[in-house]
$ cat input.pdb   # PDB, C-alpha atoms
ATOM      1  CA  LEU A   1       0.000   0.000   0.000
ATOM      2  CA  LEU A   2       1.446   3.348  -1.084
ATOM      3  CA  GLY A   3      -1.467   5.502  -0.005
ATOM      4  CA  ARG A   4      -5.158   5.773   0.611
ATOM      5  CA  GLY A   5      -7.505   8.542  -0.490
ATOM      6  CA  ASN A   6     -11.160   9.333  -0.217
ATOM      7  CA  ARG A   7     -12.417   6.703  -2.652
ATOM      8  CA  ALA A   8      -9.392   4.647  -3.680
ATOM      9  CA  SER A   9      -6.161   3.025  -2.536
ATOM     10  CA  VAL A  10      -2.873   2.962  -4.442
ATOM     11  CA  TYR A  11      -0.600  -0.072  -4.343
ATOM     12  CA  GLN A  12       2.830  -0.844  -5.774
ATOM     13  CA  ALA A  13       2.865  -4.032  -7.818
ATOM     14  CA  THR A  14       5.370  -6.034  -9.826
ATOM     15  CA  PRO A  15       4.159  -8.169 -12.735
ATOM     16  CA  GLN A  16       4.434 -11.931 -12.321
ATOM     17  CA  GLY A  17       7.637 -13.037 -13.965
ATOM     18  CA  GLY A  18       9.341  -9.760 -13.153
ATOM     19  CA  GLY A  19       9.490  -6.449 -14.878
ATOM     20  CA  GLN A  20       9.079  -2.815 -13.947
ATOM     21  CA  SER A  21       7.026  -1.974 -10.862
ATOM     22  CA  VAL A  22       3.723  -0.198 -11.427
ATOM     23  CA  SER A  23       1.202   1.635  -9.292
ATOM     24  CA  VAL A  24      -2.346   0.293  -9.173
ATOM     25  CA  ARG A  25      -5.193   2.573  -8.126
ATOM     26  CA  VAL A  26      -8.057   0.431  -6.802
ATOM     27  CA  PHE A  27     -11.399   2.162  -6.346
ATOM     28  CA  ASP A  28     -13.578   1.374  -3.325
ATOM     29  CA  PRO A  29     -16.438  -1.113  -3.943
ATOM     30  CA  GLU A  30     -19.000   1.444  -2.723
ATOM     31  CA  LEU A  31     -17.960   3.719  -5.573
ATOM     32  CA  THR A  32     -18.123   0.990  -8.214
ATOM     33  CA  ALA A  33     -21.632   0.065  -7.019
ATOM     34  CA  GLU A  34     -22.963   3.474  -8.111
ATOM     35  CA  PRO A  35     -25.219   3.051 -11.188
ATOM     36  CA  THR A  36     -23.310   5.429 -13.465
ATOM     37  CA  PHE A  37     -19.809   4.467 -12.349
ATOM     38  CA  ALA A  38     -19.048   1.791 -14.981
ATOM     39  CA  SER A  39     -19.677   4.021 -17.990
ATOM     40  CA  ARG A  40     -17.928   7.034 -16.440
ATOM     41  CA  PHE A  41     -14.933   4.891 -15.415
ATOM     42  CA  GLU A  42     -14.549   3.380 -18.885
ATOM     43  CA  GLN A  43     -14.732   6.787 -20.574
ATOM     44  CA  HIS A  44     -12.308   8.367 -18.096
ATOM     45  CA  ALA A  45      -9.811   5.477 -18.327
ATOM     46  CA  ARG A  46      -9.727   5.586 -22.134
ATOM     47  CA  LYS A  47      -9.048   9.326 -22.075
ATOM     48  CA  LEU A  48      -6.283   8.915 -19.484
ATOM     49  CA  LYS A  49      -4.611   6.167 -21.538
ATOM     50  CA  ALA A  50      -4.422   8.547 -24.505
ATOM     51  CA  VAL A  51      -2.563  11.251 -22.534
ATOM     52  CA  ARG A  52       1.225  11.279 -22.842
ATOM     53  CA  HIS A  53       3.249  13.982 -21.114
ATOM     54  CA  PRO A  54       6.668  13.906 -19.419
ATOM     55  CA  HIS A  55       5.227  15.363 -16.197
ATOM     56  CA  LEU A  56       2.268  12.967 -15.895
ATOM     57  CA  VAL A  57       2.085   9.322 -14.939
ATOM     58  CA  ALA A  58       0.956   7.176 -17.879
ATOM     59  CA  VAL A  59      -2.099   4.959 -17.478
ATOM     60  CA  ILE A  60      -1.244   1.669 -19.178
ATOM     61  CA  ASP A  61      -4.253  -0.488 -18.327
ATOM     62  CA  HIS A  62      -7.651  -0.494 -16.648
ATOM     63  CA  ASP A  63     -10.307  -3.057 -15.804
ATOM     64  CA  GLN A  64     -12.993  -4.089 -13.349
ATOM     65  CA  GLN A  65     -12.797  -7.375 -11.462
ATOM     66  CA  ASP A  66     -14.733  -8.757  -8.495
ATOM     67  CA  GLY A  67     -16.688  -5.514  -8.144
ATOM     68  CA  ARG A  68     -13.566  -3.339  -8.027
ATOM     69  CA  ALA A  69     -12.289  -1.032 -10.727
ATOM     70  CA  PHE A  70      -8.596  -0.285 -11.110
ATOM     71  CA  LEU A  71      -6.106   1.753 -13.141
ATOM     72  CA  VAL A  72      -2.507   0.631 -13.721
TER      73      VAL A  72
END
$ encode --input "input.pdb" --output "structure tokens"
Amino acid sequence: LLGRGNRASVYQATPQGGGQSVSVRVFDPELTAEPTFASRFEQHARKLKAVRHPHLVAVIDHDQQDGRAFLV
């Protein structure tokens, strides 16, 4: 666990088999249960993945699993 905010936690993770460490932002289940969350999350994640800037962290993946949404 790297940190915890209002509606999400951020973890450091290393891919199985090795590789560069990544940060994973996992949204709270209460947030993902909101009726409009899924469509807003998908739209937001796609826009974030398209952004490339030397002063911003790149979003490389996103998904929802077991009622939790996450950004990598």
$ atom_distance --input "input.pdb" --atom1 "CA of Ser39 in chain A" --atom2 "CA of His62 in chain A"
12.9 Å
$ axis_aligned_box --input "input.pdb" --around "range 12-25 of chain A" --padding-each-side "4 Å" --output "JSON"
{"center_x": 2.1, "center_y": -5.2, "center_z": -10.3, "size_x": 22.7, "size_y": 23.6, "size_z": 17.1}
$ resolve_selection --input "input.pdb" --expression "the PyMOL selection byres ((chain A and resi 2) around 12)" --output "ChimeraX atom specification"
/A:1,3-5,8-13,22-26
$ atom_distance --input "input.pdb" --atom1 "CA of Val57 in chain A" --atom2 "CA of Arg40 in chain A"
20.2 Å
$ atom_distance --input "input.pdb" --atom1 "CA of Arg68 in chain A" --atom2 "CA of Ser21 in chain A"
20.8 Å
$ resolve_selection --input "input.pdb" --expression "the PyMOL selection byres ((chain A and resi 32) around 10)" --output "PyMOL selection string"
chain A and resi 7+27-31+33-38+41+64+67-69
$ write_last_selection --input "input.pdb" --atoms "C-alpha atoms" --output "compact mmCIF listing (two decimals), keeping the file's coordinate frame"
# COMPACT_ATOMS: atom_id res chain seq x y z
CA ARG A 7 -12.42 6.70 -2.65
CA PHE A 27 -11.40 2.16 -6.35
CA ASP A 28 -13.58 1.37 -3.32
CA PRO A 29 -16.44 -1.11 -3.94
CA GLU A 30 -19.00 1.44 -2.72
CA LEU A 31 -17.96 3.72 -5.57
CA ALA A 33 -21.63 0.06 -7.02
CA GLU A 34 -22.96 3.47 -8.11
CA PRO A 35 -25.22 3.05 -11.19
CA THR A 36 -23.31 5.43 -13.46
CA PHE A 37 -19.81 4.47 -12.35
CA ALA A 38 -19.05 1.79 -14.98
CA PHE A 41 -14.93 4.89 -15.42
CA GLN A 64 -12.99 -4.09 -13.35
CA GLY A 67 -16.69 -5.51 -8.14
CA ARG A 68 -13.57 -3.34 -8.03
CA ALA A 69 -12.29 -1.03 -10.73
$ residues_around --input "input.pdb" --residues "range 45-54 of chain A" --least-positions-apart "5" --cutoff "10 Å" --atoms "all atoms listed in the file" --output "PyMOL selection string"
chain A and resi 39-40+59-63+70-72
$ build_atoms --input "input.pdb" --residues "range 1-26 of chain A" --atoms "N, CA, C and O atoms" --output "CSV table (one decimal), in the coordinates of the input"
chain,number,residue,atom,x,y,z
A,1,LEU,N,0.8,-1.2,0.0
A,1,LEU,CA,0.0,0.0,0.0
A,1,LEU,C,0.9,1.2,0.0
A,1,LEU,O,1.7,1.4,0.9
A,2,LEU,N,0.7,2.1,-1.0
A,2,LEU,CA,1.4,3.3,-1.1
A,2,LEU,C,0.7,4.5,-0.5
A,2,LEU,O,1.3,5.4,0.1
A,3,GLY,N,-0.7,4.4,-0.6
A,3,GLY,CA,-1.5,5.5,0.0
A,3,GLY,C,-2.9,5.2,-0.1
A,3,GLY,O,-3.4,4.3,-0.9
A,4,ARG,N,-3.7,6.0,0.6
A,4,ARG,CA,-5.2,5.8,0.6
A,4,ARG,C,-5.8,7.1,0.5
A,4,ARG,O,-5.4,8.0,1.3
A,5,GLY,N,-6.8,7.3,-0.3
A,5,GLY,CA,-7.5,8.5,-0.5
A,5,GLY,C,-9.0,8.4,-0.1
A,5,GLY,O,-9.3,7.4,0.5
A,6,ASN,N,-9.7,9.3,-0.5
A,6,ASN,CA,-11.2,9.3,-0.2
A,6,ASN,C,-11.9,8.1,-0.8
A,6,ASN,O,-12.8,7.5,-0.1
A,7,ARG,N,-11.6,7.7,-2.0
A,7,ARG,CA,-12.4,6.7,-2.7
A,7,ARG,C,-11.6,5.6,-3.3
A,7,ARG,O,-12.1,4.8,-4.1
A,8,ALA,N,-10.3,5.6,-3.0
A,8,ALA,CA,-9.4,4.6,-3.7
A,8,ALA,C,-8.1,4.5,-2.9
A,8,ALA,O,-7.8,5.3,-2.0
A,9,SER,N,-7.5,3.3,-3.1
A,9,SER,CA,-6.2,3.0,-2.5
A,9,SER,C,-5.2,2.8,-3.7
A,9,SER,O,-5.5,2.4,-4.8
A,10,VAL,N,-3.9,3.1,-3.4
A,10,VAL,CA,-2.9,3.0,-4.4
A,10,VAL,C,-1.8,2.0,-3.9
A,10,VAL,O,-1.3,2.1,-2.8
A,11,TYR,N,-1.5,1.0,-4.7
A,11,TYR,CA,-0.6,-0.1,-4.3
A,11,TYR,C,0.5,-0.1,-5.3
A,11,TYR,O,0.4,0.3,-6.5
A,12,GLN,N,1.7,-0.6,-4.9
A,12,GLN,CA,2.8,-0.8,-5.8
A,12,GLN,C,2.8,-2.3,-6.1
A,12,GLN,O,2.5,-3.2,-5.2
A,13,ALA,N,2.9,-2.6,-7.4
A,13,ALA,CA,2.9,-4.0,-7.8
A,13,ALA,C,4.0,-4.3,-8.8
A,13,ALA,O,4.5,-3.4,-9.5
A,14,THR,N,4.4,-5.6,-8.9
A,14,THR,CA,5.4,-6.0,-9.8
A,14,THR,C,4.7,-7.2,-10.6
A,14,THR,O,4.2,-8.1,-10.0
A,15,PRO,N,4.8,-7.1,-11.9
A,15,PRO,CA,4.2,-8.2,-12.7
A,15,PRO,C,4.8,-9.5,-12.4
A,15,PRO,O,5.9,-9.6,-12.1
A,16,GLN,N,3.9,-10.6,-12.5
A,16,GLN,CA,4.4,-11.9,-12.3
A,16,GLN,C,5.5,-12.2,-13.4
A,16,GLN,O,5.3,-11.8,-14.5
A,17,GLY,N,6.6,-12.8,-13.0
A,17,GLY,CA,7.6,-13.0,-14.0
A,17,GLY,C,8.6,-11.9,-14.0
A,17,GLY,O,9.6,-11.9,-14.8
A,18,GLY,N,8.4,-10.9,-13.2
A,18,GLY,CA,9.3,-9.8,-13.2
A,18,GLY,C,8.9,-8.6,-14.1
A,18,GLY,O,7.9,-8.7,-14.7
A,19,GLY,N,9.8,-7.6,-14.1
A,19,GLY,CA,9.5,-6.4,-14.9
A,19,GLY,C,9.4,-5.2,-14.0
A,19,GLY,O,9.7,-5.3,-12.8
A,20,GLN,N,9.1,-4.1,-14.6
A,20,GLN,CA,9.1,-2.8,-13.9
A,20,GLN,C,7.9,-2.7,-13.0
A,20,GLN,O,6.8,-3.1,-13.3
A,21,SER,N,8.1,-2.2,-11.8
A,21,SER,CA,7.0,-2.0,-10.9
A,21,SER,C,6.0,-0.9,-11.4
A,21,SER,O,6.4,0.0,-12.1
A,22,VAL,N,4.8,-1.1,-11.0
A,22,VAL,CA,3.7,-0.2,-11.4
A,22,VAL,C,2.9,0.2,-10.2
A,22,VAL,O,3.0,-0.4,-9.1
A,23,SER,N,2.2,1.3,-10.3
A,23,SER,CA,1.2,1.6,-9.3
A,23,SER,C,-0.2,1.2,-9.8
A,23,SER,O,-0.5,1.4,-10.9
A,24,VAL,N,-1.0,0.7,-8.8
A,24,VAL,CA,-2.3,0.3,-9.2
A,24,VAL,C,-3.3,1.0,-8.3
A,24,VAL,O,-3.2,0.9,-7.1
A,25,ARG,N,-4.2,1.8,-8.9
A,25,ARG,CA,-5.2,2.6,-8.1
A,25,ARG,C,-6.5,1.7,-8.1
A,25,ARG,O,-7.1,1.5,-9.2
A,26,VAL,N,-6.9,1.3,-6.9
A,26,VAL,CA,-8.1,0.4,-6.8
A,26,VAL,C,-9.2,1.2,-6.2
A,26,VAL,O,-9.0,1.7,-5.0
